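Raw start_10.cif, mmCIF, C-alpha atoms:
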```
data_upload
#
loop_
_atom_site.label_atom_id
_atom_site.label_comp_id
_atom_site.auth_asym_id
_atom_site.auth_seq_id
_atom_site.Cartn_x
_atom_site.Cartn_y
_atom_site.Cartn_z
CA MET A 1 110.05 38.73 67.96
CA THR A 2 108.19 39.18 71.23
CA SER A 3 111.46 39.29 73.19
CA GLN A 4 112.79 42.01 70.87
CA ILE A 5 109.67 44.12 71.47
CA LEU A 6 109.98 43.66 75.24
CA ASN A 7 113.65 44.67 75.15
CA SER A 8 112.76 47.78 73.14
CA ILE A 9 110.08 48.73 75.70
CA ARG A 10 112.55 48.28 78.58
CA LYS A 11 115.08 50.53 76.85
CA LEU A 12 112.45 53.21 76.32
CA GLN A 13 111.39 53.00 79.97
CA GLN A 14 114.98 53.46 81.04
CA GLN A 15 115.26 56.58 78.91
CA VAL A 16 112.15 58.20 80.43
CA PRO A 17 113.18 60.31 83.47
CA GLN A 18 111.63 59.02 86.65
CA ALA A 19 110.18 61.29 89.32
CA PRO A 20 112.59 61.70 92.24
CA THR A 21 111.89 59.48 95.21
CA VAL A 22 110.94 61.43 98.33
CA THR A 23 113.18 60.18 101.13
CA ALA A 24 114.03 61.21 104.67
CA GLY A 25 117.38 62.64 105.71
CA LYS A 26 119.25 64.15 108.64
CA LEU A 27 120.56 67.55 109.65
CA ILE A 28 124.25 68.29 109.33
CA ARG A 29 124.31 71.99 110.07
CA GLY A 30 122.18 74.91 111.19
CA ILE A 31 123.40 78.42 110.39
CA GLY A 32 121.35 81.56 110.94
CA LEU A 33 117.88 81.11 109.50
CA THR A 34 118.53 77.92 107.56
CA LEU A 35 119.07 74.26 108.28
CA GLU A 36 121.17 72.02 106.05
CA ALA A 37 120.27 68.36 105.57
CA VAL A 38 121.66 65.43 103.58
CA GLY A 39 119.89 62.35 102.31
CA CYS A 40 116.71 64.31 101.54
CA GLN A 41 115.12 63.84 98.14
CA MET A 42 112.42 66.51 98.29
CA PRO A 43 111.48 69.16 95.71
CA VAL A 44 111.75 72.87 96.48
CA GLY A 45 108.59 74.09 98.19
CA SER A 46 107.74 70.78 99.87
CA GLN A 47 107.09 70.50 103.59
CA CYS A 48 108.92 68.36 106.13
CA LEU A 49 109.15 67.72 109.87
CA VAL A 50 112.41 68.15 111.77
CA GLU A 51 112.74 66.18 115.00
CA THR A 52 114.06 68.11 118.02
CA ILE A 53 114.59 67.32 121.67
CA ASP A 54 111.34 69.24 122.35
CA GLY A 55 109.23 67.54 119.66
CA GLN A 56 108.88 68.35 115.96
CA ILE A 57 108.93 71.59 113.99
CA GLU A 58 107.75 72.18 110.45
CA ALA A 59 110.11 73.40 107.74
CA GLU A 60 110.06 74.01 104.00
CA VAL A 61 112.64 73.18 101.34
CA VAL A 62 113.95 76.50 99.97
CA GLY A 63 116.95 75.35 97.94
CA PHE A 64 119.70 72.81 97.43
CA ALA A 65 123.36 72.58 96.44
CA GLU A 66 124.60 69.20 95.20
CA ASN A 67 123.67 66.75 97.99
CA VAL A 68 122.76 69.40 100.57
CA THR A 69 119.13 70.51 100.99
CA TYR A 70 118.38 73.89 102.57
CA LEU A 71 115.41 74.06 104.92
CA MET A 72 113.69 77.11 106.37
CA PRO A 73 111.70 76.50 109.61
CA THR A 74 108.24 78.05 109.86
CA GLU A 75 108.66 78.67 113.60
CA ALA A 76 111.37 79.44 116.13
CA VAL A 77 114.29 77.00 116.06
CA ARG A 78 114.72 75.30 119.43
CA GLY A 79 116.08 71.93 120.51
CA ILE A 80 117.75 71.03 117.22
CA VAL A 81 120.91 68.91 117.39
CA PRO A 82 123.24 67.56 114.68
CA GLY A 83 121.85 64.42 113.11
CA SER A 84 118.21 65.34 113.79
CA ARG A 85 115.91 63.35 111.51
CA VAL A 86 114.17 65.16 108.64
CA GLN A 87 110.93 63.45 107.61
CA PRO A 88 108.93 64.43 104.50
CA LEU A 89 105.46 65.61 105.44
CA ASN A 90 102.94 63.57 103.50
CA ARG A 91 99.82 65.68 103.51
CA GLU A 92 97.53 67.17 100.94
CA GLN A 93 99.16 70.26 99.50
CA GLY A 94 97.18 73.42 98.99
CA LEU A 95 95.22 76.03 100.88
CA ALA A 96 91.78 75.40 102.36
CA VAL A 97 89.32 77.90 100.85
CA GLY A 98 85.59 78.51 100.80
CA MET A 99 82.91 80.89 102.00
CA GLU A 100 83.70 79.55 105.47
CA LEU A 101 86.78 81.82 105.48
CA LEU A 102 84.65 84.97 105.77
CA GLY A 103 84.95 86.49 109.22
CA ARG A 104 88.06 84.45 110.06
CA VAL A 105 91.68 85.29 110.92
CA VAL A 106 94.32 82.88 109.62
CA ASP A 107 98.11 82.65 109.52
CA GLY A 108 100.42 82.37 106.52
CA ASN A 109 99.56 78.69 106.08
CA GLY A 110 95.82 79.33 106.26
CA GLN A 111 95.50 77.90 109.79
CA PRO A 112 93.02 79.67 112.14
CA LEU A 113 94.37 82.19 114.65
CA ASP A 114 91.05 83.39 116.07
CA GLY A 115 90.26 80.40 118.33
CA LEU A 116 87.01 79.66 116.47
CA GLY A 117 87.99 76.13 115.54
CA PRO A 118 89.08 74.63 112.22
CA ILE A 119 87.78 75.95 108.92
CA GLN A 120 85.18 73.41 107.81
CA THR A 121 85.77 73.11 104.08
CA ASP A 122 86.94 70.41 101.71
CA LYS A 123 87.94 72.82 98.93
CA ARG A 124 91.67 73.27 98.36
CA VAL A 125 93.63 75.32 95.85
CA PRO A 126 97.38 75.51 95.19
CA PHE A 127 99.25 78.33 96.93
CA ASN A 128 100.80 79.48 93.65
CA ARG A 129 98.71 79.14 90.51
CA PRO A 130 100.05 79.70 86.99
CA PRO A 131 99.86 83.27 85.66
CA MET A 132 96.70 84.30 83.86
CA ASN A 133 96.73 85.02 80.12
CA PRO A 134 96.56 88.85 79.98
CA LEU A 135 94.36 88.73 76.88
CA LEU A 136 91.69 86.84 78.81
CA ARG A 137 91.30 89.55 81.45
CA LYS A 138 88.41 91.97 81.30
CA GLN A 139 89.33 95.62 80.82
CA ILE A 140 89.10 98.08 83.70
CA SER A 141 85.99 100.11 82.97
CA GLN A 142 84.15 100.76 86.25
CA PRO A 143 85.13 102.94 89.23
CA LEU A 144 85.35 101.40 92.70
CA ASP A 145 83.87 103.21 95.69
CA VAL A 146 86.36 103.09 98.58
CA GLY A 147 84.49 105.50 100.86
CA VAL A 148 87.39 108.01 100.96
CA ARG A 149 86.48 111.33 99.34
CA SER A 150 89.95 112.36 98.16
CA ILE A 151 90.47 108.99 96.44
CA ASN A 152 86.97 108.73 95.00
CA SER A 153 87.18 112.19 93.47
CA VAL A 154 90.77 113.18 92.61
CA LEU A 155 92.44 109.74 92.47
CA THR A 156 89.60 107.54 91.27
CA VAL A 157 90.35 103.82 91.40
CA GLY A 158 88.96 101.34 88.87
CA VAL A 159 87.61 97.88 89.63
CA GLY A 160 90.58 95.56 89.06
CA GLN A 161 93.29 98.20 89.49
CA ARG A 162 96.53 97.63 91.46
CA MET A 163 97.55 100.66 93.54
CA GLY A 164 100.50 101.39 95.80
CA LEU A 165 100.21 103.23 99.11
CA PHE A 166 103.60 104.88 99.72
CA ALA A 167 104.51 106.29 103.11
CA GLY A 168 107.01 106.26 105.94
CA SER A 169 106.24 104.71 109.30
CA GLY A 170 103.53 106.28 111.45
CA VAL A 171 101.90 108.38 108.71
CA GLY A 172 98.54 106.60 108.68
CA LYS A 173 98.75 103.72 106.20
CA SER A 174 96.90 101.24 108.40
CA VAL A 175 94.22 103.79 109.28
CA LEU A 176 93.62 104.52 105.59
CA LEU A 177 93.33 100.79 104.88
CA GLY A 178 90.72 100.55 107.62
CA MET A 179 88.79 103.46 106.12
CA MET A 180 88.72 101.73 102.73
CA THR A 181 87.64 98.45 104.33
CA ARG A 182 84.66 100.20 105.92
CA GLY A 183 83.69 102.24 102.88
CA THR A 184 84.27 99.91 99.96
CA SER A 185 81.52 98.67 97.67
CA ALA A 186 83.43 95.40 97.06
CA ASP A 187 81.76 92.10 97.93
CA VAL A 188 84.69 90.69 99.93
CA VAL A 189 87.72 92.27 101.62
CA VAL A 190 90.93 90.27 102.07
CA VAL A 191 93.50 91.90 104.36
CA GLY A 192 97.10 90.71 104.61
CA LEU A 193 98.89 92.08 107.69
CA VAL A 194 102.45 91.00 106.99
CA GLY A 195 105.57 91.90 108.95
CA GLU A 196 103.87 94.57 111.04
CA ARG A 197 103.67 94.87 114.83
CA GLY A 198 101.62 92.12 116.47
CA ARG A 199 99.73 94.73 118.48
CA GLU A 200 98.34 96.23 115.28
CA VAL A 201 96.76 92.94 114.20
CA LYS A 202 94.22 92.86 117.04
CA GLU A 203 93.71 96.63 116.89
CA PHE A 204 92.90 96.42 113.19
CA ILE A 205 90.42 93.59 113.72
CA MET A 206 88.73 94.83 116.90
CA ASP A 207 88.95 98.64 116.66
CA ILE A 208 89.04 99.46 112.95
CA LEU A 209 86.62 96.80 111.67
CA THR A 210 83.04 96.62 112.93
CA GLU A 211 81.27 93.29 113.41
CA GLU A 212 79.42 93.73 110.12
CA GLU A 213 82.64 94.47 108.24
CA ARG A 214 84.39 91.46 109.77
CA GLN A 215 81.71 89.18 108.38
CA LYS A 216 82.70 90.02 104.79
CA SER A 217 86.43 90.09 105.47
CA VAL A 218 89.28 87.59 105.70
CA VAL A 219 92.40 88.62 107.63
CA VAL A 220 95.73 86.89 107.03
CA ALA A 221 98.20 87.76 109.81
CA ALA A 222 101.95 87.10 109.76
CA PRO A 223 103.41 89.68 112.17
CA ALA A 224 107.04 90.70 112.50
CA ASP A 225 107.92 88.06 115.09
CA THR A 226 107.14 85.18 112.71
CA SER A 227 109.76 83.56 110.49
CA PRO A 228 110.58 85.14 107.11
CA LEU A 229 109.04 82.10 105.43
CA MET A 230 105.69 82.72 107.17
CA ARG A 231 105.82 86.41 106.24
CA LEU A 232 106.49 85.47 102.63
CA LYS A 233 103.63 82.95 102.62
CA GLY A 234 101.33 85.44 104.37
CA CYS A 235 101.21 87.68 101.28
CA GLU A 236 100.84 84.75 98.92
CA THR A 237 98.07 83.20 101.03
CA ALA A 238 96.12 86.49 101.04
CA VAL A 239 96.38 86.69 97.24
CA THR A 240 95.36 83.03 96.85
CA ILE A 241 92.26 83.60 98.99
CA ALA A 242 91.38 86.69 96.94
CA GLU A 243 91.78 84.66 93.73
CA TYR A 244 89.33 82.07 95.02
CA PHE A 245 86.62 84.66 95.66
CA ARG A 246 87.34 86.26 92.28
CA ASP A 247 86.80 82.87 90.66
CA GLN A 248 83.34 82.77 92.29
CA GLY A 249 82.40 85.96 90.39
CA MET A 250 82.87 88.36 93.32
CA ASN A 251 84.55 91.76 93.37
CA VAL A 252 87.35 91.59 95.95
CA LEU A 253 89.27 94.39 97.66
CA LEU A 254 92.75 93.10 98.53
CA LEU A 255 94.79 95.09 101.07
CA ILE A 256 98.41 94.04 101.63
CA ASP A 257 100.32 95.72 104.45
CA SER A 258 103.06 95.67 103.43
CA LEU A 259 104.76 94.85 100.13
CA THR A 260 108.06 96.05 101.59
CA ARG A 261 107.95 93.44 104.37
CA TYR A 262 107.28 90.79 101.72
CA ALA A 263 110.43 91.90 99.87
CA MET A 264 112.43 91.92 103.08
CA ALA A 265 111.31 88.38 103.92
CA GLN A 266 112.43 87.17 100.50
CA ARG A 267 115.73 89.00 100.98
CA GLU A 268 116.33 87.21 104.30
CA ILE A 269 115.63 83.81 102.75
CA ALA A 270 117.67 84.45 99.61
CA LEU A 271 120.72 85.73 101.49
CA ALA A 272 120.50 82.81 103.93
CA VAL A 273 120.80 80.26 101.11
CA GLY A 274 123.69 82.11 99.50
CA GLU A 275 122.14 84.31 96.79
CA PRO A 276 124.39 87.36 96.22
CA PRO A 277 122.97 90.83 96.98
CA ALA A 278 122.45 93.18 94.04
CA THR A 279 120.68 96.50 94.73
CA LYS A 280 121.16 97.92 98.24
CA GLY A 281 121.35 94.43 99.71
CA TYR A 282 118.34 93.04 97.80
CA PRO A 283 119.09 89.91 95.71
CA PRO A 284 117.69 89.58 92.16
CA SER A 285 115.01 87.09 93.26
CA VAL A 286 113.26 89.87 95.20
CA PHE A 287 112.65 91.90 92.05
CA ALA A 288 111.47 88.76 90.25
CA ARG A 289 108.92 87.86 92.94
CA LEU A 290 107.36 91.34 93.27
CA PRO A 291 105.73 91.45 89.78
CA ALA A 292 104.79 87.77 90.07
CA LEU A 293 102.79 88.61 93.23
CA VAL A 294 101.27 91.88 91.98
CA GLU A 295 100.20 90.49 88.58
CA ARG A 296 98.00 87.88 90.26
CA ALA A 297 95.55 90.64 91.20
CA GLY A 298 93.35 92.45 88.68
CA ASN A 299 90.26 91.57 86.68
CA GLY A 300 89.43 87.97 85.93
CA GLY A 301 88.01 86.37 82.81
CA GLU A 302 84.56 86.64 81.28
CA HIS A 303 82.66 84.86 84.06
CA GLN A 304 84.93 85.85 86.94
CA GLY A 305 85.02 88.80 89.29
CA SER A 306 87.89 91.14 90.06
CA ILE A 307 90.62 91.88 92.59
CA THR A 308 91.26 95.55 93.26
CA ALA A 309 94.48 95.65 95.25
CA PHE A 310 96.19 98.19 97.48
CA TYR A 311 99.78 97.41 98.47
CA THR A 312 101.41 99.56 101.12
CA VAL A 313 105.08 100.36 100.46
CA LEU A 314 107.18 101.49 103.39
CA SER A 315 109.48 104.30 102.27
CA GLU A 316 112.30 104.10 104.80
CA GLY A 317 113.25 107.59 105.91
CA ASP A 318 110.46 108.88 103.60
CA ASP A 319 112.76 108.06 100.66
CA LEU A 320 110.60 107.44 97.61
CA GLN A 321 113.72 106.35 95.69
CA ASP A 322 114.08 103.25 97.87
CA PRO A 323 114.67 100.26 95.50
CA ILE A 324 111.45 98.51 96.54
CA ALA A 325 109.42 101.71 96.18
CA ASP A 326 111.00 102.37 92.80
CA ALA A 327 110.30 98.81 91.59
CA ALA A 328 106.73 98.92 92.90
CA ARG A 329 105.92 102.15 91.03
CA ALA A 330 106.93 100.49 87.76
CA ILE A 331 104.63 97.48 88.16
CA LEU A 332 101.57 99.10 89.76
CA ASP A 333 98.70 100.98 88.11
CA GLY A 334 99.25 104.09 90.17
CA HIS A 335 100.38 105.22 93.60
CA ILE A 336 99.05 107.23 96.52
CA VAL A 337 101.70 109.07 98.53
CA LEU A 338 101.10 109.89 102.19
CA SER A 339 102.96 112.99 103.33
CA ARG A 340 104.58 113.21 106.75
CA SER A 341 104.30 117.00 106.74
CA LEU A 342 100.54 116.76 106.15
CA ALA A 343 100.22 114.18 108.92
CA ASP A 344 102.23 116.35 111.30
CA SER A 345 99.88 119.25 110.61
CA GLY A 346 96.82 117.13 111.47
CA HIS A 347 95.67 116.67 107.86
CA TYR A 348 94.09 113.19 107.58
CA PRO A 349 94.13 111.19 105.45
CA ALA A 350 97.57 112.67 104.69
CA ILE A 351 97.32 112.12 100.91
CA ASP A 352 99.63 114.29 98.82
CA ILE A 353 97.53 114.70 95.67
CA GLU A 354 100.43 116.40 93.84
CA ALA A 355 102.69 113.33 94.14
CA SER A 356 99.89 110.77 93.65
CA VAL A 357 98.39 109.43 90.43
CA SER A 358 95.82 106.88 89.29
CA ARG A 359 96.81 105.63 85.85
CA VAL A 360 93.39 104.20 84.96
CA MET A 361 91.35 107.19 86.14
CA PRO A 362 90.70 108.48 82.58
CA MET A 363 89.29 105.05 81.67
CA VAL A 364 86.67 104.96 84.44
CA THR A 365 85.54 108.61 84.70
CA SER A 366 83.68 111.13 82.57
CA GLU A 367 85.17 114.27 81.00
CA GLU A 368 83.38 116.44 83.57
CA HIS A 369 84.87 114.38 86.38
CA MET A 370 88.39 114.66 84.91
CA PHE A 371 88.02 118.42 84.41
CA ALA A 372 86.90 119.00 88.00
CA ALA A 373 89.72 116.85 89.42
CA ARG A 374 92.30 118.52 87.21
CA ARG A 375 91.10 122.00 88.21
CA ILE A 376 91.35 121.21 91.93
CA ARG A 377 94.85 119.81 91.46
CA GLN A 378 95.96 122.88 89.50
CA VAL A 379 94.82 125.34 92.14
CA TYR A 380 96.16 123.22 95.00
CA SER A 381 99.54 122.83 93.26
CA LEU A 382 99.79 126.56 92.54
CA TYR A 383 99.30 127.34 96.23
CA GLN A 384 101.92 124.77 97.27
CA GLN A 385 104.46 126.18 94.78
CA ASN A 386 104.10 129.66 96.28
CA ARG A 387 103.52 128.58 99.87
CA ASP A 388 106.87 129.80 101.19
CA LEU A 389 106.43 133.26 99.65
CA ILE A 390 102.93 133.52 101.04
CA SER A 391 104.01 132.34 104.52
CA ILE A 392 106.80 134.91 104.94
CA GLY A 393 104.70 137.73 103.48
CA ALA A 394 106.85 138.16 100.37
CA TYR A 395 103.83 137.89 98.07
CA SER A 396 101.65 140.98 97.65
CA ARG A 397 97.97 140.46 97.02
CA GLY A 398 96.97 141.51 93.51
CA ALA A 399 100.33 140.68 91.93
CA ASP A 400 98.92 137.55 90.27
CA PRO A 401 95.15 136.85 90.08
CA ARG A 402 95.78 133.10 89.87
CA ILE A 403 97.74 133.05 93.12
CA ASP A 404 95.10 135.26 94.74
CA GLN A 405 92.48 132.67 93.78
CA ALA A 406 94.66 129.83 95.10
CA ILE A 407 95.06 131.62 98.46
CA ALA A 408 91.29 132.17 98.70
CA ALA A 409 90.47 128.58 97.72
CA GLU A 410 93.11 126.84 99.87
CA PRO A 411 90.94 126.44 103.03
CA ALA A 412 88.06 124.94 101.01
CA ILE A 413 90.33 122.51 99.13
CA LYS A 414 92.07 121.49 102.35
CA ALA A 415 88.73 120.83 104.04
CA PHE A 416 87.55 118.84 101.01
CA LEU A 417 90.60 116.56 101.11
CA GLN A 418 90.23 115.80 104.83
CA GLN A 419 87.94 113.19 106.34
CA GLY A 420 87.26 111.64 109.72
CA MET A 421 88.71 108.17 110.37
CA LYS A 422 85.27 106.60 110.87
CA GLN A 423 83.51 108.73 108.28
CA VAL A 424 82.37 107.01 105.07
CA LEU A 425 81.69 109.23 102.06
CA PRO A 426 80.10 107.38 99.10
CA TYR A 427 81.31 107.82 95.54
CA ASP A 428 78.31 109.84 94.27
CA GLU A 429 78.44 112.19 97.25
CA SER A 430 82.18 112.69 96.73
CA LEU A 431 81.64 113.63 93.06
CA GLU A 432 78.84 116.03 93.94
CA MET A 433 81.03 117.87 96.47
CA MET A 434 83.95 117.92 94.03
CA ALA A 435 81.79 119.41 91.27
CA LYS A 436 80.63 122.23 93.59
CA LEU A 437 84.18 122.98 94.65
CA ALA A 438 85.51 122.97 91.07
CA GLN A 439 82.64 125.21 89.91
CA GLY A 440 83.71 127.83 92.44
CA LEU A 441 87.27 127.71 91.08
CA GLY A 442 86.21 128.55 87.52
CA LYS A 443 87.89 127.39 84.31
CA GLY A 444 91.34 128.78 85.12
#
```
Exercise: express the given structure as structure tokens:
Amino acid sequence: MTSQILNSIRKLQQQVPQAPTVTAGKLIRGIGLTLEAVGCQMPVGSQCLVETIDGQIEAEVVGFAENVTYLMPTEAVRGIVPGSRVQPLNREQGLAVGMELLGRVVDGNGQPLDGLGPIQTDKRVPFNRPPMNPLLRKQISQPLDVGVRSINSVLTVGVGQRMGLFAGSGVGKSVLLGMMTRGTSADVVVVGLVGERGREVKEFIMDILTEEERQKSVVVAAPADTSPLMRLKGCETAVTIAEYFRDQGMNVLLLIDSLTRYAMAQREIALAVGEPPATKGYPPSVFARLPALVERAGNGGEHQGSITAFYTVLSEGDDLQDPIADAARAILDGHIVLSRSLADSGHYPAIDIEASVSRVMPMVTSEEHMFAARRIRQVYSLYQQNRDLISIGAYSRGADPRIDQAIAAEPAIKAFLQQGMKQVLPYDESLEMMAKLAQGLGKG
């Protein structure tokens, strides 16, 4: 009887799937951005070391096909030869987090870049946590002060909102992010500088942020000369750090520059491992990863804080119908469009209030606030619609009282929407100035 029971137990054990054994392997091929190895039994996302004639480089498993494992190095590929040994990296997975991160600059893996030594913390969290139950999130009900008058007044942002910052290159996205970093009322600012010029990283830290602002900020830098894997992880690391501070009950301002570079990094990886392109060269996995990243921001649960996020979206050639820009608009809670024509005319920040919208603004503002903002937009839009006629002298004063009022009010509205780069205008002051301006415009 005992032998029958033991045999039954053995059969059941054989039927239970066993976890794959992690084993080493060797390289058989290196093409483009990827390395191909055989003999490796490692799950996707795990880390490994590849031996080279110059030492070892770190790589990550990004896919497999039958017995071939695809690896993506996290640094430049040098000194690799056929048959190079691939050794699984046995280390504690996760990102080091803690209050010790404040004031620090780290790379996509969370390793320090600022030369201030290691981050002294024993707390670790997974890079990718499971999605939060949407019914457990607190509703967006409070406005967030970002220190920028045009946003505070006409495009009010709520605590926990996800906004897009759409613009072409050189229109002032990074400057506007710096203005919000200085003027925000959030407890912590997490900045992800991903895929941008390396020069801008130090300029943002040293010139745009003051010493006081740096002490409540964490900067994650993965510039354009890093591997696509590091650029991809740079965004995810910034979000993971923001999630940690949100879990501590803090209100976090998350600034990602840029979401487009994140999509491009995923495109490079996906195409390298053989995923077919779908929309303008972007594989389907890109459009699956974008909402997964964006949805991690927002309000937390009952005893948690919030993450108010701004994602810059690079509109190549100022084309707002770019597939990434189009996908981002659908998953964000609003968008702010920066106009090249406004920037060229010296209007900063170059926010086009006609093309911009904050979808949660009615939920976080009063009726008086909404009326004043709507009145300013109406008059500003009326002037823009008739701008060409006015410029060439085809419009005669007195033909339409509404246009006459728009012409008279245009200098005041334009001055209201402009602000110095280092000027911080609090939320209450912005509303007071908007109310005075709207009062002078009448009811319309």
Just want the 6 Å neighbourhood of A:Asn299, counted on only C-alpha atoms, with same-chain residues fewer than 4 positions away dropped. Output as a list in words.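 Listing them by chain and then by number gives Arg137, Lys138, Gly160, Ser306 and Ile307 of chain A.
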Export of prior selection with C-alpha atoms as a tab-separated table (two decimals), in the frame of the given file:
```tsv
chain	number	residue	atom	x	y	z
A	137	ARG	CA	91.30	89.55	81.45
A	138	LYS	CA	88.41	91.97	81.30
A	160	GLY	CA	90.58	95.56	89.06
A	306	SER	CA	87.89	91.14	90.06
A	307	ILE	CA	90.62	91.88	92.59
```
Just how far from atom CA of A:Val219 is atom CA of A:Ile205, in Å to one decimal?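 Computing it gives 8.1 Å between the two atoms.
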Selection in question (the file shown): the PyMOL selection byres ((chain A and resi 419-433) around 9). Which residues does it include, as a PyMOL selection string? chain A and resi 143-150+152-153+175-176+178-180+182-185+208+347-349+369+415-418+434-438
Using only C-alpha atoms, which of the listed residues (A:Ile241, A:Leu290, A:Ala76, A:Ala224) sits closest to A:Ala330? A:Leu290
Which residues, written as a PyMOL selection string, have at least one atom at most 6 Å from A:Val50, with all atoms listed in the file counted and residues fewer than 5 positions away on the same chain left out? chain A and resi 56-57+85-86
Tell me, as a PyMOL selection string, which residues lie within 12 Å of A:Glu66, counting all atoms listed in the file; anything in the same chain fewer than 5 positions away does not count. chain A and resi 36-41
Can those selected residues be exported to a file as a short mmCIF file (atom, residue, chain, number, x, y, z; two decimals), in the coordinates of the input so that it contains C-alpha atoms?
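Final file, again15.cif:
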```cif
data_model
loop_
_atom_site.label_atom_id
_atom_site.label_comp_id
_atom_site.auth_asym_id
_atom_site.auth_seq_id
_atom_site.Cartn_x
_atom_site.Cartn_y
_atom_site.Cartn_z
CA GLU A 36 121.17 72.02 106.05
CA ALA A 37 120.27 68.36 105.57
CA VAL A 38 121.66 65.43 103.58
CA GLY A 39 119.89 62.35 102.31
CA CYS A 40 116.71 64.31 101.54
CA GLN A 41 115.12 63.84 98.14
#
```
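Using all atoms listed in the file for every distance, the candidate list A:Ser46, A:Thr52, A:Ser341, A:Gln161 yields A:Gln161 as the residue closest to A:Glu295.
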Taking only C-alpha atoms into account, which of A:Val171, A:Leu27, A:Ala327, A:Met361 comes nearest A:Val294? A:Ala327
Explicit residue set for the PyMOL selection byres ((chain A and resi 298) around 12), as an MDAnalysis selection string: chainID A and resid 131:134 136:140 158:163 239 242:243 246:247 251:254 293:297 299:301 304:310 332:333
Output file for the residues above (C-alpha atoms, as a CSV table (one decimal), in the coordinates of the input):
```csv
chain,number,residue,atom,x,y,z
A,131,PRO,CA,99.9,83.3,85.7
A,132,MET,CA,96.7,84.3,83.9
A,133,ASN,CA,96.7,85.0,80.1
A,134,PRO,CA,96.6,88.8,80.0
A,136,LEU,CA,91.7,86.8,78.8
A,137,ARG,CA,91.3,89.6,81.4
A,138,LYS,CA,88.4,92.0,81.3
A,139,GLN,CA,89.3,95.6,80.8
A,140,ILE,CA,89.1,98.1,83.7
A,158,GLY,CA,89.0,101.3,88.9
A,159,VAL,CA,87.6,97.9,89.6
A,160,GLY,CA,90.6,95.6,89.1
A,161,GLN,CA,93.3,98.2,89.5
A,162,ARG,CA,96.5,97.6,91.5
A,163,MET,CA,97.6,100.7,93.5
A,239,VAL,CA,96.4,86.7,97.2
A,242,ALA,CA,91.4,86.7,96.9
A,243,GLU,CA,91.8,84.7,93.7
A,246,ARG,CA,87.3,86.3,92.3
A,247,ASP,CA,86.8,82.9,90.7
A,251,ASN,CA,84.6,91.8,93.4
A,252,VAL,CA,87.4,91.6,96.0
A,253,LEU,CA,89.3,94.4,97.7
A,254,LEU,CA,92.8,93.1,98.5
A,293,LEU,CA,102.8,88.6,93.2
A,294,VAL,CA,101.3,91.9,92.0
A,295,GLU,CA,100.2,90.5,88.6
A,296,ARG,CA,98.0,87.9,90.3
A,297,ALA,CA,95.6,90.6,91.2
A,299,ASN,CA,90.3,91.6,86.7
A,300,GLY,CA,89.4,88.0,85.9
A,301,GLY,CA,88.0,86.4,82.8
A,304,GLN,CA,84.9,85.8,86.9
A,305,GLY,CA,85.0,88.8,89.3
A,306,SER,CA,87.9,91.1,90.1
A,307,ILE,CA,90.6,91.9,92.6
A,308,THR,CA,91.3,95.6,93.3
A,309,ALA,CA,94.5,95.6,95.2
A,310,PHE,CA,96.2,98.2,97.5
A,332,LEU,CA,101.6,99.1,89.8
A,333,ASP,CA,98.7,101.0,88.1
```
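With distances taken over only C-alpha atoms, A:Ile53 is the one residue among A:Leu35, A:Leu382, A:Ile53, A:Leu314 lying closest to A:Arg78.
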Evaluate the PyMOL selection byres ((chain A and resi 167) around 10) and report residues as JSON, numbers by chain: {"A": [164, 165, 166, 168, 169, 170, 171, 172, 173, 312, 313, 314, 315, 316, 317, 318, 319, 320, 325, 336, 337, 338, 339, 340, 350, 351]}
Residues around (100.8, 94.3, 100.5), cut-off 6 Å, counting only C-alpha atoms - what are they as a list in words?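 Those residues lying close to the given coordinates are Ile256, Asp257, Ser258, Leu259, Tyr311 and Thr312 of chain A.
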Take every atom of stretch 419-435 of chain A listed in the file, fit an axis-aligned box around them, add 4 Å per side, and give the centre and edge lengths in Å to one decimal as JSON.
```
{"center_x": 83.5, "center_y": 113.0, "center_z": 101.1, "size_x": 18.4, "size_y": 20.8, "size_z": 27.6}
```
From atom CA of A:Leu116 to atom CA of A:Ala265 the spacing works out at 28.7 Å
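Comparing the minimum interatomic distances between A:Met99 and each of A:Leu271, A:Val218, A:Leu255, A:Ile413, counting only C-alpha atoms, we find that A:Val218 sits nearest.
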How would you write as number ranges by chain the residues that get within 12 Å of (112.1, 93.1, 89.3) in the file's frame, counting all atoms listed in the file? A: 263, 278-279, 282-294, 323-331
